[in-house]
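One structure is given below, encoded as structure tokens.
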Amino acid sequence: MAEEKLRIREVIVVEGRYDRNTLSQVVDALIVETKGFSIFHDREKLSMLRMLAEERGLILLTDSDSAGFVIRNRLKSLIPLEKIKQAYVPAVPGREKRKDRPSKEGLLGVEGMQPETLILALKTAGATEENSADRESITDADFYRLGLNGKPGSAALRRKLAQALNLPPLISRSDLQKAAGFLLGRGELEQLVSRLTTDGNCDTIPPHQIHTPT
């Protein structure tokens, strides 16, 4: 039987999709990519991170090279420090398997770390662990039943839901589904989707009015 993933309350911020793919194999958490330095020009994603920081808290888990620290320090200047936890991976010389040559500084990134190293980094940062009962997951079946996937108009309805939750309209279906599980209970999601379907109200829900499961 596969070992159960570590369930983390905070939203974890990494640099790229390979970092995210590696991390998602060992933790059950909402993971957001900065896509390198592009995060600094993405107002929607920065707004989303501020909202998620207010509701859940953030854990910054960037690479140990200079670029990783530029991203880390810039985010620290844009988001309240009390909402941020810092997770660090060691500076290990090496090259990721998918690359033909080492990075400029010759260090492994988050994607090249062993699972136990990533878990230790998160625990050392003070990540909040959750039990299975602490979080009400939103399933594929829920999304289908509510018309958020697999039905005519699903894409438009997902965009309305993303807007109501102050999330980027281009967020992927899977990320929207996971975010809904963090920010809403199943019943609250049903009520919100019903409202969006009935009256088309896409007003953003203020962060303090979003129920966060405890």
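Residue numbering restarts at 1 in every chain; chains get A, B, ... in the order shown in the structure tokens, and ligands count up from 1 in that same order.
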| message | I want to know what sits within 10 Å of segment 31-37 of chain A, based on only C-alpha atoms, with residues of the same chain fewer than 2 positions away left out; could you give that as a ChimeraX atom specification? | response | /A:10-21,23-24,27-29,39-42,45-46,48-49,58-60,62,67-68,70-71,74-75,175,178-179
Give me a file of those residues, with N, CA and C atoms, as an mmCIF file, in the first residue's frame.
```cif
data_model
loop_
_atom_site.group_PDB
_atom_site.id
_atom_site.type_symbol
_atom_site.label_atom_id
_atom_site.label_comp_id
_atom_site.auth_asym_id
_atom_site.auth_seq_id
_atom_site.Cartn_x
_atom_site.Cartn_y
_atom_site.Cartn_z
ATOM 1 N N GLU A 10 -1.424 24.883 4.710
ATOM 2 C CA GLU A 10 -0.972 26.054 3.976
ATOM 3 C C GLU A 10 -0.878 25.777 2.470
ATOM 4 N N VAL A 11 -0.915 26.858 1.702
ATOM 5 C CA VAL A 11 -0.686 26.782 0.262
ATOM 6 C C VAL A 11 0.829 26.843 0.037
ATOM 7 N N ILE A 12 1.345 25.920 -0.754
ATOM 8 C CA ILE A 12 2.790 25.846 -0.985
ATOM 9 C C ILE A 12 3.120 26.487 -2.321
ATOM 10 N N VAL A 13 4.087 27.395 -2.318
ATOM 11 C CA VAL A 13 4.478 28.122 -3.524
ATOM 12 C C VAL A 13 5.823 27.588 -4.014
ATOM 13 N N VAL A 14 5.851 27.109 -5.247
ATOM 14 C CA VAL A 14 7.079 26.607 -5.872
ATOM 15 C C VAL A 14 7.311 27.366 -7.172
ATOM 16 N N GLU A 15 8.455 27.118 -7.787
ATOM 17 C CA GLU A 15 8.801 27.894 -8.979
ATOM 18 C C GLU A 15 8.157 27.373 -10.256
ATOM 19 N N GLY A 16 8.192 26.057 -10.480
ATOM 20 C CA GLY A 16 7.740 25.543 -11.768
ATOM 21 C C GLY A 16 6.985 24.234 -11.672
ATOM 22 N N ARG A 17 6.523 23.750 -12.832
ATOM 23 C CA ARG A 17 5.667 22.569 -12.850
ATOM 24 C C ARG A 17 6.400 21.294 -12.466
ATOM 25 N N TYR A 18 7.686 21.221 -12.722
ATOM 26 C CA TYR A 18 8.423 20.022 -12.317
ATOM 27 C C TYR A 18 8.581 19.971 -10.800
ATOM 28 N N ASP A 19 8.787 21.133 -10.199
ATOM 29 C CA ASP A 19 8.809 21.205 -8.731
ATOM 30 C C ASP A 19 7.460 20.762 -8.182
ATOM 31 N N ARG A 20 6.421 21.269 -8.793
ATOM 32 C CA ARG A 20 5.071 20.933 -8.349
ATOM 33 C C ARG A 20 4.790 19.439 -8.498
ATOM 34 N N ASN A 21 5.177 18.873 -9.630
ATOM 35 C CA ASN A 21 4.945 17.451 -9.858
ATOM 36 C C ASN A 21 5.644 16.593 -8.808
ATOM 37 N N LEU A 23 6.620 17.544 -5.757
ATOM 38 C CA LEU A 23 6.051 17.795 -4.430
ATOM 39 C C LEU A 23 4.681 17.129 -4.287
ATOM 40 N N SER A 24 3.896 17.126 -5.350
ATOM 41 C CA SER A 24 2.545 16.567 -5.268
ATOM 42 C C SER A 24 2.549 15.060 -5.049
ATOM 43 N N VAL A 27 2.933 15.246 -0.872
ATOM 44 C CA VAL A 27 2.035 16.030 -0.024
ATOM 45 C C VAL A 27 0.681 16.208 -0.688
ATOM 46 N N ASP A 28 -0.337 16.335 0.131
ATOM 47 C CA ASP A 28 -1.681 16.690 -0.319
ATOM 48 C C ASP A 28 -1.903 18.131 0.105
ATOM 49 N N ALA A 29 -1.744 19.038 -0.837
ATOM 50 C CA ALA A 29 -1.839 20.466 -0.534
ATOM 51 C C ALA A 29 -2.124 21.201 -1.828
ATOM 52 N N ILE A 39 5.717 35.634 -12.175
ATOM 53 C CA ILE A 39 4.755 35.930 -11.117
ATOM 54 C C ILE A 39 4.698 37.428 -10.821
ATOM 55 N N PHE A 40 5.812 38.118 -10.993
ATOM 56 C CA PHE A 40 5.861 39.530 -10.628
ATOM 57 C C PHE A 40 5.062 40.410 -11.591
ATOM 58 N N HIS A 41 4.699 39.863 -12.757
ATOM 59 C CA HIS A 41 3.916 40.629 -13.730
ATOM 60 C C HIS A 41 2.495 40.073 -13.867
ATOM 61 N N ASP A 42 2.155 39.113 -13.024
ATOM 62 C CA ASP A 42 0.846 38.466 -13.097
ATOM 63 C C ASP A 42 -0.014 38.968 -11.940
ATOM 64 N N LYS A 45 -2.537 36.409 -10.409
ATOM 65 C CA LYS A 45 -1.969 35.369 -9.549
ATOM 66 C C LYS A 45 -1.485 35.966 -8.228
ATOM 67 N N LEU A 46 -0.920 37.159 -8.272
ATOM 68 C CA LEU A 46 -0.507 37.808 -7.025
ATOM 69 C C LEU A 46 -1.710 38.084 -6.135
ATOM 70 N N MET A 48 -4.444 36.365 -6.122
ATOM 71 C CA MET A 48 -4.840 35.066 -5.604
ATOM 72 C C MET A 48 -3.955 34.652 -4.429
ATOM 73 N N LEU A 49 -2.649 34.851 -4.549
ATOM 74 C CA LEU A 49 -1.736 34.479 -3.467
ATOM 75 C C LEU A 49 -2.009 35.290 -2.207
ATOM 76 N N LEU A 58 0.856 30.880 3.526
ATOM 77 C CA LEU A 58 1.701 30.381 2.444
ATOM 78 C C LEU A 58 2.974 29.751 3.002
ATOM 79 N N ILE A 59 3.477 28.765 2.279
ATOM 80 C CA ILE A 59 4.822 28.250 2.527
ATOM 81 C C ILE A 59 5.620 28.453 1.248
ATOM 82 N N LEU A 60 6.691 29.217 1.319
ATOM 83 C CA LEU A 60 7.539 29.435 0.159
ATOM 84 C C LEU A 60 8.584 28.332 0.095
ATOM 85 N N THR A 62 11.153 27.573 -2.650
ATOM 86 C CA THR A 62 11.855 27.805 -3.911
ATOM 87 C C THR A 62 13.195 27.086 -3.891
ATOM 88 N N ALA A 67 18.364 32.632 -8.001
ATOM 89 C CA ALA A 67 17.069 32.963 -8.590
ATOM 90 C C ALA A 67 15.940 32.606 -7.625
ATOM 91 N N GLY A 68 16.079 31.472 -6.961
ATOM 92 C CA GLY A 68 15.067 31.075 -5.987
ATOM 93 C C GLY A 68 14.946 32.070 -4.861
ATOM 94 N N VAL A 70 15.693 35.294 -5.095
ATOM 95 C CA VAL A 70 15.093 36.526 -5.625
ATOM 96 C C VAL A 70 13.581 36.421 -5.579
ATOM 97 N N ILE A 71 13.054 35.288 -6.026
ATOM 98 C CA ILE A 71 11.601 35.072 -6.015
ATOM 99 C C ILE A 71 11.079 35.083 -4.584
ATOM 100 N N ARG A 74 11.200 38.631 -3.083
ATOM 101 C CA ARG A 74 10.224 39.537 -3.695
ATOM 102 C C ARG A 74 8.824 39.241 -3.162
ATOM 103 N N LEU A 75 8.475 37.989 -3.038
ATOM 104 C CA LEU A 75 7.164 37.636 -2.500
ATOM 105 C C LEU A 75 7.034 38.087 -1.047
ATOM 106 N N ASP A 175 -7.113 22.463 -10.392
ATOM 107 C CA ASP A 175 -6.703 23.412 -9.359
ATOM 108 C C ASP A 175 -7.912 24.117 -8.753
ATOM 109 N N LYS A 178 -9.493 21.689 -6.343
ATOM 110 C CA LYS A 178 -8.755 21.571 -5.086
ATOM 111 C C LYS A 178 -8.918 22.833 -4.244
ATOM 112 N N ALA A 179 -8.862 24.001 -4.893
ATOM 113 C CA ALA A 179 -9.022 25.256 -4.161
ATOM 114 C C ALA A 179 -10.398 25.335 -3.517
#
```
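These are the residues of segment 94-142 of chain A assigned helix (DSSP H, G or I) by DSSP from backbone coordinates: Val110, Glu111, Gly112, Pro115, Glu116, Thr117, Leu118, Ile119, Leu120, Ala121, Leu122, Lys123, Thr124, Ser132, Ala133, Asp134, Asp140, Ala141 and Asp142 of chain A.
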Could the residues in this selection be written to a file with C-alpha atoms, as an mmCIF file, in the first residue's frame?
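This is the output file result-v3.cif:
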```cif
data_model
loop_
_atom_site.group_PDB
_atom_site.id
_atom_site.type_symbol
_atom_site.label_atom_id
_atom_site.label_comp_id
_atom_site.auth_asym_id
_atom_site.auth_seq_id
_atom_site.Cartn_x
_atom_site.Cartn_y
_atom_site.Cartn_z
ATOM 1 C CA VAL A 110 13.104 21.282 -5.559
ATOM 2 C CA GLU A 111 12.305 18.781 -8.312
ATOM 3 C CA GLY A 112 15.559 16.934 -7.655
ATOM 4 C CA PRO A 115 10.731 12.854 -0.668
ATOM 5 C CA GLU A 116 12.134 12.726 2.854
ATOM 6 C CA THR A 117 14.084 15.937 2.199
ATOM 7 C CA LEU A 118 10.951 17.766 1.079
ATOM 8 C CA ILE A 119 8.929 16.517 4.037
ATOM 9 C CA LEU A 120 11.670 17.567 6.452
ATOM 10 C CA ALA A 121 11.832 21.026 4.836
ATOM 11 C CA LEU A 122 8.087 21.501 5.268
ATOM 12 C CA LYS A 123 8.015 20.245 8.836
ATOM 13 C CA THR A 124 10.994 22.419 9.744
ATOM 14 C CA SER A 132 -8.136 13.309 6.801
ATOM 15 C CA ALA A 133 -11.260 14.413 8.683
ATOM 16 C CA ASP A 134 -10.126 18.034 8.761
ATOM 17 C CA ASP A 140 -14.769 14.884 -9.712
ATOM 18 C CA ALA A 141 -18.293 13.586 -9.096
ATOM 19 C CA ASP A 142 -19.175 16.794 -7.225
#
```
In segment 6-152 of chain A, DSSP strand (DSSP E or B) residues written as a PDB file with N, CA and C atoms, in the first residue's frame:
```pdb
ATOM      1  N   LEU A   6       1.394  13.508   3.105  1.00  0.00           N
ATOM      2  CA  LEU A   6       1.313  14.478   4.192  1.00  0.00           C
ATOM      3  C   LEU A   6       0.322  15.567   3.793  1.00  0.00           C
ATOM      4  N   ARG A   7      -0.704  15.754   4.604  1.00  0.00           N
ATOM      5  CA  ARG A   7      -1.734  16.754   4.298  1.00  0.00           C
ATOM      6  C   ARG A   7      -1.356  18.080   4.958  1.00  0.00           C
ATOM      7  N   ILE A   8      -1.202  19.108   4.142  1.00  0.00           N
ATOM      8  CA  ILE A   8      -0.728  20.411   4.601  1.00  0.00           C
ATOM      9  C   ILE A   8      -1.826  21.451   4.437  1.00  0.00           C
ATOM     10  N   VAL A  11      -0.915  26.858   1.702  1.00  0.00           N
ATOM     11  CA  VAL A  11      -0.686  26.782   0.262  1.00  0.00           C
ATOM     12  C   VAL A  11       0.829  26.843   0.037  1.00  0.00           C
ATOM     13  N   ILE A  12       1.345  25.920  -0.754  1.00  0.00           N
ATOM     14  CA  ILE A  12       2.790  25.846  -0.985  1.00  0.00           C
ATOM     15  C   ILE A  12       3.120  26.487  -2.321  1.00  0.00           C
ATOM     16  N   VAL A  13       4.087  27.395  -2.318  1.00  0.00           N
ATOM     17  CA  VAL A  13       4.478  28.122  -3.524  1.00  0.00           C
ATOM     18  C   VAL A  13       5.823  27.588  -4.014  1.00  0.00           C
ATOM     19  N   VAL A  14       5.851  27.109  -5.247  1.00  0.00           N
ATOM     20  CA  VAL A  14       7.079  26.607  -5.872  1.00  0.00           C
ATOM     21  C   VAL A  14       7.311  27.366  -7.172  1.00  0.00           C
ATOM     22  N   VAL A  27       2.933  15.246  -0.872  1.00  0.00           N
ATOM     23  CA  VAL A  27       2.035  16.030  -0.024  1.00  0.00           C
ATOM     24  C   VAL A  27       0.681  16.208  -0.688  1.00  0.00           C
ATOM     25  N   ASP A  28      -0.337  16.335   0.131  1.00  0.00           N
ATOM     26  CA  ASP A  28      -1.681  16.690  -0.319  1.00  0.00           C
ATOM     27  C   ASP A  28      -1.903  18.131   0.105  1.00  0.00           C
ATOM     28  N   ILE A  31      -0.826  23.584  -4.381  1.00  0.00           N
ATOM     29  CA  ILE A  31       0.510  24.001  -4.784  1.00  0.00           C
ATOM     30  C   ILE A  31       0.387  24.989  -5.934  1.00  0.00           C
ATOM     31  N   VAL A  32       0.996  26.148  -5.782  1.00  0.00           N
ATOM     32  CA  VAL A  32       0.922  27.199  -6.798  1.00  0.00           C
ATOM     33  C   VAL A  32       2.306  27.454  -7.364  1.00  0.00           C
ATOM     34  N   GLU A  33       2.398  27.522  -8.687  1.00  0.00           N
ATOM     35  CA  GLU A  33       3.672  27.799  -9.354  1.00  0.00           C
ATOM     36  C   GLU A  33       3.833  29.299  -9.599  1.00  0.00           C
ATOM     37  N   LEU A  58       0.856  30.880   3.526  1.00  0.00           N
ATOM     38  CA  LEU A  58       1.701  30.381   2.444  1.00  0.00           C
ATOM     39  C   LEU A  58       2.974  29.751   3.002  1.00  0.00           C
ATOM     40  N   ILE A  59       3.477  28.765   2.279  1.00  0.00           N
ATOM     41  CA  ILE A  59       4.822  28.250   2.527  1.00  0.00           C
ATOM     42  C   ILE A  59       5.620  28.453   1.248  1.00  0.00           C
ATOM     43  N   LEU A  60       6.691  29.217   1.319  1.00  0.00           N
ATOM     44  CA  LEU A  60       7.539  29.435   0.159  1.00  0.00           C
ATOM     45  C   LEU A  60       8.584  28.332   0.095  1.00  0.00           C
ATOM     46  N   ILE A  84       3.410  34.156   5.977  1.00  0.00           N
ATOM     47  CA  ILE A  84       4.365  33.359   5.201  1.00  0.00           C
ATOM     48  C   ILE A  84       5.237  32.503   6.113  1.00  0.00           C
ATOM     49  N   LYS A  85       5.430  31.248   5.708  1.00  0.00           N
ATOM     50  CA  LYS A  85       6.419  30.375   6.328  1.00  0.00           C
ATOM     51  C   LYS A  85       7.469  30.041   5.276  1.00  0.00           C
ATOM     52  N   GLN A  86       8.699  29.890   5.723  1.00  0.00           N
ATOM     53  CA  GLN A  86       9.813  29.662   4.801  1.00  0.00           C
ATOM     54  C   GLN A  86      10.297  28.212   4.901  1.00  0.00           C
ATOM     55  N   PRO A  93      24.787  19.845  -4.928  1.00  0.00           N
ATOM     56  CA  PRO A  93      25.284  19.844  -6.307  1.00  0.00           C
ATOM     57  C   PRO A  93      24.683  18.675  -7.083  1.00  0.00           C
ATOM     58  N   LEU A 107      23.231  23.370  -8.954  1.00  0.00           N
ATOM     59  CA  LEU A 107      22.526  22.840  -7.790  1.00  0.00           C
ATOM     60  C   LEU A 107      21.221  22.172  -8.197  1.00  0.00           C
ATOM     61  N   GLU A 129      -0.014  20.318   9.739  1.00  0.00           N
ATOM     62  CA  GLU A 129      -0.509  19.041   9.237  1.00  0.00           C
ATOM     63  C   GLU A 129      -1.987  18.878   9.586  1.00  0.00           C
TER      64      GLU A 129
END
```
| query | Quick one: distance from atom CA of Val89 of chain A to atom CA of Ser64 of chain A in Å, one decimal? | reply |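 Separating atom CA of Val89 of chain A from atom CA of Ser64 of chain A is a distance of 6.2 Å.
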| task | Would you please work out which residue, of A:Asn73, A:Met113, A:Gly106, A:Gln191, is nearest to Pro90 of chain A when using only C-alpha atoms? | result |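 Among the listed residues, A:Met113 lies closest to Pro90 of chain A.
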| Between atom CA of Leu52 of chain A and atom CA of Leu157 of chain A - distance in Å to one decimal |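 About the pair atom CA of Leu157 of chain A and atom CA of Leu52 of chain A: they are 21.3 Å apart.
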| field | Contact residues around segment 148-156 of chain A with only C-alpha atoms at 12 Å, ignoring same-chain residues under 6 positions, as a PyMOL selection string | value | chain A and resi 138-142+162-163+169-174+176-177+180+189-190+192-194+196-197+200+202
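Interatomic distance, atom CA of Leu30 of chain A to atom CA of Ser77 of chain A: 21.8 Å.
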| said: Applying 10 Å and only C-alpha atoms, which residues near Glu82 of chain A remain after dropping the ones on its own chain fewer than 5 positions away? List them as a PyMOL selection string. | reply: chain A and resi 53-54+57-58+76
| Spatial neighbours of Glu96 of chain A, max dist 9 Å, only C-alpha atoms, sep filter under 3 positions, as number ranges by chain | A: 99-103, 108-109, 111-112
Could you dump the residues just selected with C-alpha atoms as a compact mmCIF listing (two decimals), in the first residue's frame?
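Below is the file selection_8.txt, written as the result:
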```
# COMPACT_ATOMS: atom_id res chain seq x y z
CA LYS A 99 18.17 18.02 -18.03
CA ASP A 100 21.17 17.62 -20.33
CA ARG A 101 23.37 19.77 -18.15
CA PRO A 102 23.35 21.18 -14.60
CA SER A 103 21.76 24.53 -13.84
CA LEU A 108 19.55 20.53 -7.66
CA GLY A 109 16.21 22.28 -7.47
CA GLU A 111 12.30 18.78 -8.31
CA GLY A 112 15.56 16.93 -7.65
```
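The nearest approach to Arg195 of chain A among the residues A:Arg50, A:Lys83, A:Lys160, A:Arg43, with only C-alpha atoms taken into account, belongs to A:Lys160.
You can rank A:Asp63, A:Gln114, A:Pro80, A:Leu165 by their closest distance to Glu188 of chain A using only C-alpha atoms, and at the top of that list sits A:Leu165.
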